[in-house]
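Novice: Here you go, upload_3.tsv (TSV, C-alpha atoms):
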chain	number	residue	atom	x	y	z
A	1	MET	CA	29.62	-91.97	-100.26
A	2	PRO	CA	31.41	-90.62	-103.15
A	3	ALA	CA	35.15	-90.38	-102.86
A	4	LEU	CA	36.46	-86.94	-102.09
A	5	ALA	CA	38.76	-85.39	-104.65
A	6	SER	CA	42.27	-84.91	-103.37
A	7	HIS	CA	43.32	-81.29	-103.00
A	8	ARG	CA	47.00	-82.24	-103.13
A	9	LYS	CA	48.84	-81.36	-106.27
A	10	PRO	CA	50.21	-84.32	-108.08
A	11	ARG	CA	53.96	-84.69	-107.34
A	12	THR	CA	55.99	-83.82	-110.37
A	13	ARG	CA	58.97	-86.02	-110.96
A	14	MET	CA	62.16	-83.98	-111.07
A	15	ARG	CA	65.06	-85.14	-113.26
A	16	SER	CA	68.31	-85.02	-111.45
A	17	THR	CA	71.01	-83.16	-113.37
A	18	VAL	CA	73.78	-84.24	-111.05
A	19	PRO	CA	74.95	-87.08	-113.28
A	20	ALA	CA	75.11	-84.65	-116.20
A	21	VAL	CA	77.19	-82.24	-114.17
A	22	GLY	CA	79.45	-85.08	-113.06
A	23	LEU	CA	79.85	-86.25	-116.62
A	24	THR	CA	80.68	-82.78	-117.82
A	25	SER	CA	83.31	-82.33	-115.06
A	26	ALA	CA	84.80	-85.71	-115.86
A	27	ALA	CA	84.95	-84.83	-119.53
A	28	LEU	CA	86.65	-81.53	-118.79
A	29	ALA	CA	89.12	-83.26	-116.48
A	30	SER	CA	89.86	-85.82	-119.17
A	31	VAL	CA	90.45	-83.12	-121.76
A	32	THR	CA	92.74	-81.22	-119.37
A	33	LEU	CA	94.66	-84.37	-118.51
A	34	LEU	CA	95.06	-85.28	-122.16
A	35	SER	CA	96.22	-81.75	-122.93
A	36	SER	CA	98.75	-81.90	-120.09
A	37	GLN	CA	100.00	-85.27	-121.21
A	38	SER	CA	100.29	-84.04	-124.78
A	39	ALA	CA	102.24	-81.00	-123.62
A	40	MET	CA	104.53	-83.16	-121.51
A	41	ALA	CA	104.99	-85.66	-124.28
A	42	ALA	CA	105.79	-82.99	-126.89
A	43	PRO	CA	109.57	-82.84	-127.35
A	44	ALA	CA	111.36	-79.54	-126.87
A	45	PRO	CA	112.16	-77.81	-130.14
A	46	LYS	CA	115.58	-78.80	-131.41
A	47	PRO	CA	118.03	-75.90	-131.62
A	48	SER	CA	119.07	-74.79	-135.06
A	49	ILE	CA	122.60	-75.40	-136.32
A	50	GLU	CA	123.30	-71.69	-135.94
A	51	GLU	CA	122.21	-71.86	-132.31
A	52	VAL	CA	124.36	-74.93	-131.73
A	53	GLN	CA	127.36	-73.17	-133.27
A	54	LYS	CA	126.81	-70.12	-131.09
A	55	LYS	CA	126.38	-72.27	-127.97
A	56	VAL	CA	129.51	-74.33	-128.67
A	57	ASP	CA	131.59	-71.21	-129.38
A	58	ASP	CA	130.33	-69.66	-126.15
A	59	LEU	CA	131.17	-72.81	-124.16
A	60	TYR	CA	134.70	-72.83	-125.56
A	61	ARG	CA	135.03	-69.15	-124.67
A	62	GLN	CA	133.86	-69.90	-121.13
A	63	ALA	CA	136.35	-72.77	-120.97
A	64	GLY	CA	139.05	-70.33	-122.09
A	65	ASN	CA	138.08	-67.94	-119.32
A	66	ALA	CA	138.10	-70.79	-116.79
A	67	THR	CA	141.52	-71.84	-118.12
A	68	GLN	CA	142.93	-68.38	-117.35
A	69	LYS	CA	141.48	-68.63	-113.83
A	70	TYR	CA	143.15	-72.03	-113.51
A	71	ASN	CA	146.47	-70.57	-114.72
A	72	GLN	CA	146.13	-67.71	-112.25
A	73	ALA	CA	145.32	-70.07	-109.36
A	74	LYS	CA	148.18	-72.40	-110.29
A	75	GLU	CA	150.63	-69.52	-110.42
A	76	ALA	CA	149.45	-68.33	-106.99
A	77	THR	CA	149.65	-71.89	-105.62
A	78	ASP	CA	153.19	-72.43	-106.90
A	79	ARG	CA	154.29	-69.06	-105.53
A	80	GLN	CA	152.68	-69.72	-102.14
A	81	LYS	CA	154.14	-73.23	-101.94
A	82	SER	CA	157.61	-71.82	-102.53
A	83	ARG	CA	156.96	-69.24	-99.81
A	84	VAL	CA	155.77	-71.92	-97.36
A	85	ASP	CA	158.80	-74.11	-98.06
A	86	SER	CA	161.12	-71.17	-97.41
A	87	LEU	CA	159.33	-70.30	-94.17
A	88	LEU	CA	159.47	-73.88	-92.92
A	89	ASP	CA	163.21	-73.93	-93.59
A	90	ASP	CA	163.56	-70.67	-91.64
A	91	VAL	CA	161.50	-72.08	-88.76
A	92	ALA	CA	163.71	-75.18	-88.62
A	93	GLU	CA	166.86	-73.02	-88.59
A	94	ARG	CA	165.41	-70.71	-85.93
A	95	THR	CA	164.36	-73.69	-83.80
A	96	GLU	CA	167.94	-74.93	-83.87
A	97	LYS	CA	169.14	-71.52	-82.65
A	98	VAL	CA	166.58	-71.64	-79.83
A	99	ASN	CA	167.86	-75.07	-78.86
A	100	ASP	CA	171.47	-73.80	-78.87
A	101	ALA	CA	170.50	-70.90	-76.62
A	102	ARG	CA	168.62	-73.28	-74.32
A	103	ARG	CA	171.69	-75.55	-74.05
A	104	THR	CA	173.88	-72.55	-73.19
A	105	LEU	CA	171.51	-71.52	-70.42
A	106	GLY	CA	171.50	-75.10	-69.14
A	107	ASN	CA	175.28	-75.10	-68.94
A	108	TYR	CA	175.26	-71.86	-66.91
A	109	ALA	CA	172.61	-73.23	-64.57
A	110	ALA	CA	174.54	-76.47	-64.04
A	111	ALA	CA	177.77	-74.56	-63.31
A	112	GLN	CA	176.02	-72.33	-60.78
A	113	TYR	CA	174.54	-75.37	-59.07
A	114	ARG	CA	177.94	-77.08	-58.80
A	115	ASN	CA	179.68	-73.96	-57.40
A	116	GLY	CA	177.07	-73.38	-54.73
A	117	GLY	CA	175.69	-70.03	-53.61
A	118	LEU	CA	178.23	-68.53	-51.06
A	119	ALA	CA	177.92	-64.84	-50.39
A	120	PRO	CA	180.74	-62.62	-51.76
A	121	THR	CA	181.87	-61.62	-48.19
A	122	ALA	CA	182.25	-65.22	-47.05
A	123	THR	CA	184.13	-66.05	-50.20
A	124	PHE	CA	186.54	-63.12	-49.53
A	125	PHE	CA	187.40	-64.28	-45.98
A	126	LEU	CA	187.79	-67.90	-47.06
A	127	ALA	CA	190.04	-67.08	-49.98
A	128	ASP	CA	193.80	-67.82	-49.58
A	129	ASP	CA	194.79	-64.79	-51.63
A	130	PRO	CA	192.68	-61.56	-51.63
A	131	GLN	CA	194.00	-60.68	-55.13
A	132	SER	CA	192.81	-64.01	-56.52
A	133	PHE	CA	189.42	-63.26	-54.95
A	134	PHE	CA	189.17	-59.97	-56.83
A	135	ASP	CA	190.31	-61.66	-60.03
A	136	GLN	CA	187.73	-64.39	-59.58
A	137	THR	CA	185.03	-61.85	-58.78
A	138	HIS	CA	185.83	-59.95	-61.97
A	139	LEU	CA	185.66	-63.21	-63.93
A	140	MET	CA	182.33	-64.05	-62.33
A	141	ASP	CA	180.98	-60.62	-63.25
A	142	ARG	CA	181.98	-61.24	-66.84
A	143	MET	CA	180.36	-64.67	-66.71
A	144	ALA	CA	177.21	-63.05	-65.31
A	145	GLU	CA	177.19	-60.67	-68.27
A	146	ARG	CA	177.56	-63.58	-70.66
A	147	GLN	CA	174.82	-65.41	-68.84
A	148	GLN	CA	172.56	-62.40	-69.18
A	149	GLN	CA	173.43	-62.21	-72.88
A	150	ALA	CA	172.56	-65.89	-73.21
A	151	VAL	CA	169.18	-65.25	-71.57
A	152	THR	CA	168.55	-62.30	-73.89
A	153	GLU	CA	169.60	-64.35	-76.95
A	154	PHE	CA	167.31	-67.18	-75.90
A	155	ARG	CA	164.33	-64.86	-75.52
A	156	THR	CA	165.08	-63.16	-78.86
A	157	GLN	CA	165.38	-66.44	-80.74
A	158	GLN	CA	162.26	-67.78	-79.05
A	159	ALA	CA	160.21	-64.70	-80.03
A	160	LYS	CA	161.44	-64.81	-83.63
A	161	ALA	CA	160.69	-68.53	-83.84
A	162	SER	CA	157.12	-67.87	-82.64
A	163	GLU	CA	156.67	-65.12	-85.26
A	164	GLN	CA	157.95	-67.35	-88.05
A	165	ARG	CA	155.74	-70.23	-86.96
A	166	ALA	CA	152.71	-67.93	-87.03
A	167	GLU	CA	153.71	-66.65	-90.48
A	168	ALA	CA	154.17	-70.22	-91.71
A	169	VAL	CA	150.73	-71.21	-90.42
A	170	GLU	CA	149.16	-68.20	-92.16
A	171	SER	CA	150.97	-69.04	-95.40
A	172	LEU	CA	149.81	-72.64	-95.17
A	173	GLU	CA	146.22	-71.44	-94.84
A	174	THR	CA	146.67	-69.22	-97.90
A	175	LEU	CA	148.16	-72.15	-99.77
A	176	THR	CA	145.14	-74.28	-98.88
A	177	GLU	CA	142.83	-71.56	-100.25
A	178	SER	CA	144.88	-71.33	-103.46
A	179	GLN	CA	144.73	-75.09	-103.90
A	180	ALA	CA	140.95	-75.05	-103.41
A	181	SER	CA	140.64	-72.30	-106.02
A	182	LEU	CA	142.83	-74.35	-108.34
A	183	ARG	CA	140.56	-77.39	-107.99
A	184	THR	CA	137.45	-75.28	-108.60
A	185	SER	CA	138.93	-73.71	-111.74
A	186	LYS	CA	139.94	-77.13	-113.05
A	187	GLN	CA	136.42	-78.48	-112.50
A	188	ASN	CA	134.91	-75.46	-114.28
A	189	VAL	CA	137.11	-76.00	-117.33
A	190	GLN	CA	136.22	-79.68	-117.49
A	191	THR	CA	132.50	-78.93	-117.07
A	192	LYS	CA	132.41	-76.44	-119.95
A	193	LEU	CA	134.36	-78.75	-122.26
A	194	THR	CA	132.08	-81.68	-121.41
A	195	GLU	CA	129.01	-79.57	-122.22
A	196	ALA	CA	130.47	-78.60	-125.59
A	197	ARG	CA	131.39	-82.18	-126.49
A	198	THR	CA	127.97	-83.46	-125.39
A	199	LEU	CA	126.23	-80.85	-127.55
A	200	LEU	CA	128.32	-81.79	-130.59
A	201	SER	CA	127.87	-85.53	-130.03
A	202	LYS	CA	124.07	-85.18	-130.39
A	203	LEU	CA	124.32	-83.85	-133.94
A	204	THR	CA	123.50	-86.10	-136.87
A	205	ALA	CA	125.95	-86.56	-139.74
A	206	GLU	CA	123.96	-84.10	-141.83
A	207	GLU	CA	123.92	-81.54	-139.02
A	208	LYS	CA	127.65	-81.92	-138.51
A	209	ALA	CA	128.16	-81.27	-142.22
A	210	ARG	CA	126.04	-78.12	-142.03
A	211	LEU	CA	127.98	-76.99	-138.95
A	212	ALA	CA	131.26	-77.52	-140.82
A	213	GLU	CA	129.91	-75.43	-143.68
A	214	LEU	CA	129.05	-72.61	-141.28
A	215	GLU	CA	132.60	-72.79	-139.91
A	216	ARG	CA	134.01	-72.55	-143.45
A	217	LYS	CA	131.90	-69.47	-144.14
A	218	LYS	CA	133.04	-67.92	-140.87
A	219	GLU	CA	136.68	-68.61	-141.73
A	220	ALA	CA	136.24	-67.21	-145.25
A	221	GLU	CA	134.75	-63.98	-143.90
A	222	ALA	CA	137.55	-63.67	-141.37
A	223	LYS	CA	140.16	-64.16	-144.12
A	224	ARG	CA	138.45	-61.54	-146.27
A	225	LYS	CA	138.72	-58.99	-143.46
A	226	ALA	CA	142.35	-60.01	-142.92
A	227	ALA	CA	143.10	-59.37	-146.60
A	228	GLU	CA	141.52	-55.92	-146.32
A	229	LEU	CA	143.71	-55.11	-143.33
A	230	ALA	CA	146.77	-56.37	-145.21
A	231	LYS	CA	146.02	-54.00	-148.11
A	232	LYS	CA	145.56	-51.05	-145.77
A	233	GLN	CA	148.79	-51.84	-143.93
A	234	ALA	CA	150.70	-52.22	-147.21
A	235	ALA	CA	149.39	-48.85	-148.37
A	236	ALA	CA	150.34	-47.27	-145.06
A	237	ARG	CA	153.89	-48.68	-145.34
A	238	LYS	CA	154.30	-47.29	-148.85
A	239	GLU	CA	153.12	-43.90	-147.68
A	240	ALA	CA	155.53	-43.99	-144.74
A	241	GLU	CA	158.41	-44.93	-147.07
A	242	ARG	CA	157.50	-42.10	-149.43
A	243	LYS	CA	157.50	-39.58	-146.59
A	244	ALA	CA	160.81	-40.95	-145.30
A	245	LYS	CA	162.40	-40.49	-148.72
A	246	GLU	CA	161.09	-36.94	-148.93
A	247	ALA	CA	162.44	-36.18	-145.47
A	248	GLY	CA	165.79	-37.70	-146.41
A	249	SER	CA	166.13	-35.64	-149.55
A	250	SER	CA	165.36	-32.40	-147.71
A	251	GLY	CA	168.71	-32.38	-145.88
A	252	THR	CA	171.01	-34.19	-143.45
A	253	GLU	CA	170.05	-32.37	-140.24
A	254	THR	CA	167.66	-35.11	-139.19
A	255	GLY	CA	170.16	-37.86	-139.88
A	256	SER	CA	171.14	-38.58	-136.27
A	257	GLY	CA	167.55	-38.86	-135.07
A	258	SER	CA	166.62	-41.16	-137.93
A	259	GLY	CA	169.61	-43.37	-137.20
A	260	SER	CA	168.58	-43.73	-133.58
A	261	ASP	CA	165.04	-44.69	-134.55
A	262	THR	CA	166.35	-47.22	-137.03
A	263	GLY	CA	168.44	-48.86	-134.33
A	264	SER	CA	165.48	-49.10	-132.00
A	265	GLY	CA	163.30	-50.46	-134.79
A	266	SER	CA	165.97	-52.98	-135.71
A	267	SER	CA	166.09	-54.29	-132.12
A	268	ALA	CA	162.30	-54.64	-131.97
A	269	SER	CA	162.30	-56.32	-135.38
A	270	THR	CA	164.91	-58.84	-134.24
A	271	LYS	CA	162.82	-59.76	-131.20
A	272	ALA	CA	159.70	-60.09	-133.34
A	273	GLU	CA	161.55	-62.42	-135.71
A	274	LYS	CA	162.58	-64.65	-132.81
A	275	VAL	CA	159.01	-64.65	-131.46
A	276	LEU	CA	157.55	-65.67	-134.82
A	277	ALA	CA	160.27	-68.24	-135.49
A	278	PHE	CA	159.43	-69.92	-132.19
A	279	ALA	CA	155.67	-69.72	-132.81
A	280	ARG	CA	155.97	-71.20	-136.30
A	281	ALA	CA	157.96	-74.12	-134.89
A	282	GLN	CA	155.01	-74.96	-132.58
A	283	ILE	CA	152.43	-75.16	-135.38
A	284	GLY	CA	150.72	-78.54	-135.29
A	285	LYS	CA	151.20	-79.10	-131.56
A	286	PRO	CA	147.97	-79.70	-129.61
A	287	TYR	CA	146.13	-77.20	-127.47
A	288	VAL	CA	145.98	-78.40	-123.86
A	289	TRP	CA	144.52	-76.11	-121.24
A	290	GLY	CA	147.04	-75.13	-118.58
A	291	ALA	CA	150.01	-76.25	-120.74
A	292	THR	CA	153.12	-74.12	-121.28
A	293	GLY	CA	155.09	-76.42	-123.61
A	294	PRO	CA	157.12	-77.85	-125.04
A	295	ALA	CA	154.77	-80.62	-126.26
A	296	SER	CA	151.52	-78.65	-125.97
A	297	TYR	CA	150.23	-75.19	-125.12
A	298	ASP	CA	147.21	-73.16	-124.18
A	299	CYS	CA	146.88	-69.69	-125.73
A	300	SER	CA	148.76	-67.65	-123.11
A	301	GLY	CA	151.25	-70.45	-122.58
A	302	LEU	CA	152.26	-70.17	-126.25
A	303	THR	CA	152.62	-66.38	-126.20
A	304	GLN	CA	154.62	-66.53	-122.97
A	305	ALA	CA	156.99	-69.16	-124.36
A	306	ALA	CA	157.39	-67.36	-127.71
A	307	TRP	CA	158.38	-64.04	-126.14
A	308	LYS	CA	160.65	-65.82	-123.67
A	309	ALA	CA	162.54	-67.15	-126.70
A	310	ALA	CA	163.16	-63.49	-127.60
A	311	GLY	CA	164.44	-62.72	-124.10
A	312	VAL	CA	161.24	-61.10	-122.77
A	313	ASP	CA	159.45	-62.52	-119.71
A	314	LEU	CA	155.67	-62.25	-119.89
A	315	PRO	CA	153.26	-63.07	-117.06
A	316	ARG	CA	151.23	-66.28	-117.28
A	317	THR	CA	147.65	-65.16	-117.91
A	318	THR	CA	146.00	-63.16	-120.69
A	319	TRP	CA	144.68	-60.77	-118.03
A	320	ASP	CA	148.24	-59.87	-117.02
A	321	GLN	CA	149.80	-60.04	-120.49
A	322	VAL	CA	147.37	-57.43	-121.81
A	323	ASN	CA	148.87	-54.91	-119.37
A	324	VAL	CA	152.46	-55.42	-120.56
A	325	GLY	CA	154.11	-53.07	-123.05
A	326	THR	CA	152.33	-50.54	-125.28
A	327	ARG	CA	148.73	-50.62	-126.47
A	328	ILE	CA	148.47	-50.79	-130.26
A	329	ALA	CA	145.57	-50.07	-132.61
A	330	THR	CA	144.56	-52.92	-134.92
A	331	ALA	CA	145.54	-50.87	-137.98
A	332	ASP	CA	149.06	-50.40	-136.55
A	333	LEU	CA	149.76	-54.06	-135.72
A	334	GLN	CA	153.24	-55.37	-136.45
A	335	PRO	CA	154.58	-58.95	-136.44
A	336	GLY	CA	155.11	-60.20	-132.88
A	337	ASP	CA	152.39	-58.04	-131.32
A	338	LEU	CA	149.84	-59.77	-129.10
A	339	VAL	CA	146.16	-59.64	-130.07
A	340	PHE	CA	143.55	-60.29	-127.37
A	341	PHE	CA	139.97	-61.45	-127.88
A	342	TYR	CA	136.53	-61.27	-126.26
A	343	ASP	CA	135.34	-58.81	-123.63
A	344	ASP	CA	136.66	-61.07	-120.87
A	345	ILE	CA	140.15	-61.17	-122.51
A	346	SER	CA	140.12	-64.97	-122.41
A	347	HIS	CA	142.18	-65.58	-125.57
A	348	VAL	CA	145.39	-64.27	-127.16
A	349	GLY	CA	147.38	-64.83	-130.35
A	350	ILE	CA	150.67	-63.64	-131.91
A	351	TYR	CA	150.27	-61.31	-134.87
A	352	LYS	CA	152.06	-62.70	-137.92
A	353	GLY	CA	151.30	-59.95	-140.41
A	354	ASP	CA	148.71	-59.45	-143.19
A	355	GLY	CA	145.83	-59.76	-140.73
A	356	MET	CA	146.90	-63.26	-139.64
A	357	MET	CA	148.07	-64.69	-136.31
A	358	ILE	CA	149.57	-67.84	-134.82
A	359	HIS	CA	147.68	-69.11	-131.79
A	360	ALA	CA	146.65	-72.16	-129.77
A	361	PRO	CA	142.90	-72.09	-130.50
A	362	LYS	CA	140.94	-74.45	-128.24
A	363	PRO	CA	140.73	-78.06	-126.99
A	364	GLY	CA	140.71	-80.51	-129.87
A	365	ALA	CA	142.64	-78.14	-132.15
A	366	ASN	CA	146.34	-77.62	-132.85
A	367	VAL	CA	148.49	-74.51	-132.91
A	368	ARG	CA	147.81	-72.88	-136.28
A	369	GLU	CA	147.68	-69.72	-138.37
A	370	GLU	CA	144.33	-67.96	-138.51
A	371	SER	CA	142.76	-64.59	-139.25
A	372	ILE	CA	142.64	-62.23	-136.29
A	373	TYR	CA	139.02	-61.56	-137.28
A	374	TYR	CA	137.93	-65.11	-136.50
A	375	MET	CA	137.03	-63.89	-132.99
A	376	PRO	CA	135.95	-60.46	-131.68
A	377	ILE	CA	139.08	-58.42	-130.97
A	378	TYR	CA	139.47	-56.84	-127.54
A	379	GLY	CA	142.75	-55.01	-128.15
A	380	SER	CA	146.46	-55.44	-128.85
A	381	VAL	CA	149.82	-54.75	-127.18
A	382	ARG	CA	153.47	-54.63	-128.17
A	383	PRO	CA	155.37	-56.26	-125.28
A	384	ALA	CA	158.78	-54.80	-126.21
Written as structure tokens, how would this file's structure read?
Specialist:
Amino acid sequence: MPALASHRKPRTRMRSTVPAVGLTSAALASVTLLSSQSAMAAPAPKPSIEEVQKKVDDLYRQAGNATQKYNQAKEATDRQKSRVDSLLDDVAERTEKVNDARRTLGNYAAAQYRNGGLAPTATFFLADDPQSFFDQTHLMDRMAERQQQAVTEFRTQQAKASEQRAEAVESLETLTESQASLRTSKQNVQTKLTEARTLLSKLTAEEKARLAELERKKEAEAKRKAAELAKKQAAARKEAERKAKEAGSSGTETGSGSGSDTGSGSSASTKAEKVLAFARAQIGKPYVWGATGPASYDCSGLTQAAWKAAGVDLPRTTWDQVNVGTRIATADLQPGDLVFFYDDISHVGIYKGDGMMIHAPKPGANVREESIYYMPIYGSVRPA
């Protein structure tokens, strides 16, 4: 019997594409991984010298701002410590008064205990002499009044002592807060200065040379602007002198007023000379943040000390010094005036004339003369 033909379709072998898909996924994963590793391995772009200069200048400005906060906190701490010491002395004195009043009351109580507590009627009948009884009774009344006064004094001293203790405790808490603020400000200054030094330490010798060249260009531009201001001020002085001569030749009626102005101007000029003489004598001394002399200064410490030499007391910080005296336009600056810098008023210098100032610049630098245009000017004042 012939074999029957099979009606089943021959089974077609199917190629599995799974391995191909797996290979493709693995390849993609490898490419992604390599890309990620390349991205992670790629170093961050190095900042340009201009960016480094800007960053360093900004860090020093921030350190200057933190220095003023430190000065403010230190001033508050010193003031509060003096207040606490005074209160503790008052508390000790008041406590002694309370103890005196307590001893007085104890003496009265002991005397009353020794004398017993007989009624006035019994005392009258037992007395040898009625007149002596009345005299004694009058004396006892006076003693009772004194005893009452002693009680009142004790209560008064006790209440005042409690008030002063409470005030002392509150002042101590305020002192603790001021000391904490002082520590924070100090840490902030040190952090900013460390960042600046770290940034500079990473520069190569060539980069440091380029940075120095940028500084020279910045100084040259600042001096150029100072020279322009000096010319304008010289021209303004000549014009003022010309007008003064014309006014003088017109008659003598204005003589008394002019004499008064001259006297006032002479006094201000004398103070300015003393300020500048002191400031010049400090040139070459190092900037140290928080320092007020005589071996080193920060910016506001120098201005405070210089004006003190002229008999004028200035507050400690730039933020307070800027509010002293009369505001002056840059074009009207005179020797001795204070020039403030940056929007946060974190730096100050003493105007010397001709667009130049004497100031304590920053950590690592010494007190020196420099153009007022080396930094952005905030404003100026004439303290006296």
Novice: Given the choices A:Lys352, A:Lys74, A:Lys160, A:Lys243, which gets closest to Thr184 of chain A if the distance is worked out from only C-alpha atoms?
Specialist: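 Among the listed residues, the smallest separation from Thr184 of chain A belongs to A:Lys74.
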Novice: From the set A:Leu333, A:Ala220, A:Val169, A:Ala384, which residue has the shortest atom-to-atom contact distance to Thr270 of chain A, counting all atoms listed in the file?
Specialist: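 The shortest atom-to-atom distance to Thr270 of chain A comes from A:Ala384.
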Novice: Taking only C-alpha atoms into account, name the residue in A:Tyr351, A:Tyr297, A:Tyr287, A:Tyr70 that is nearest to Ala365 of chain A.
Specialist: A:Tyr287
Novice: Phe154 of chain A: which residues within 12 Å, counting all atoms listed in the file, same-chain residues fewer than 3 positions away excluded, as a ChimeraX atom specification?
Specialist: /A:94-106,147-151,157-161
Novice: Considering all atoms listed in the file, return as a short mmCIF file (atom, residue, chain, number, x, y, z; two decimals) with C-alpha atoms, in the coordinates of the input whatever protein or nucleic-acid residues lie within 12 Å of Glu50 of chain A, sequence-local ones (same chain, fewer than 2 positions apart) excluded.
Specialist:
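New file result.cif:
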data_model
loop_
_atom_site.label_atom_id
_atom_site.label_comp_id
_atom_site.auth_asym_id
_atom_site.auth_seq_id
_atom_site.Cartn_x
_atom_site.Cartn_y
_atom_site.Cartn_z
CA LYS A 46 115.58 -78.80 -131.41
CA PRO A 47 118.03 -75.90 -131.62
CA SER A 48 119.07 -74.79 -135.06
CA VAL A 52 124.36 -74.93 -131.73
CA GLN A 53 127.36 -73.17 -133.27
CA LYS A 54 126.81 -70.12 -131.09
CA LYS A 55 126.38 -72.27 -127.97
CA VAL A 56 129.51 -74.33 -128.67
CA ASP A 57 131.59 -71.21 -129.38
CA GLU A 207 123.92 -81.54 -139.02
CA LYS A 208 127.65 -81.92 -138.51
CA ARG A 210 126.04 -78.12 -142.03
CA LEU A 211 127.98 -76.99 -138.95
CA ALA A 212 131.26 -77.52 -140.82
CA GLU A 213 129.91 -75.43 -143.68
CA LEU A 214 129.05 -72.61 -141.28
CA GLU A 215 132.60 -72.79 -139.91
CA LYS A 218 133.04 -67.92 -140.87
#
Novice: Just give me the gap between atom CA of Lys225 of chain A and atom CA of Ala279 of chain A in Å, one decimal is fine.
Specialist: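 Between these atoms lies a distance of 22.7 Å.
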Novice: Taking 3 positions as the minimum chain separation for residues in the same chain, which residues sit within 12 Å of Tyr378 of chain A when counting all atoms listed in the file? Answer as a list in words.
Specialist: Thr318, Trp319, Val322, Arg327, Ile328, Ala329, Thr330, Leu338, Val339, Phe340, Phe341, Tyr342, Asp343, Asp344, Ile345, Ser346, His347, Val348, Gly349, Ile372, Tyr373, Met375 and Val381 of chain A
Novice: For each of A:Gln164, A:Ser300, A:Gln179, A:Gln190, take the minimum atom-to-atom distance to Leu314 of chain A, counting all atoms listed in the file, then give the residue where this is smallest.
Specialist: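 Of A:Gln164, A:Ser300, A:Gln179, A:Gln190, the one nearest Leu314 of chain A is A:Ser300, counting all atoms listed in the file.
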Novice: Compile the contact shell of Thr194 of chain A as an MDAnalysis selection string: residues with an atom at most 12 Å away, counting all atoms listed in the file, same-chain residues fewer than 2 positions apart removed.
Specialist: chainID A and resid 56 59:60 62:63 187:192 196:201 363
Novice: Grab the atom CA of Ala168 of chain A to atom CA of Ser185 of chain A distance for me, in Å with one decimal place.
Specialist: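 One can read the atom CA of Ala168 of chain A to atom CA of Ser185 of chain A distance as 25.4 Å.
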Novice: Using Å and a single decimal, report how far atom CA of Arg368 of chain A sits from atom CA of Ala205 of chain A.
Specialist: 26.0 Å
Novice: Find the residue from A:Ala331, A:Ala305, A:Val324, A:Ala272 that sits nearest to Gly355 of chain A; use only C-alpha atoms when measuring.
Specialist: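 Among the listed residues, A:Ala331 lies closest to Gly355 of chain A.
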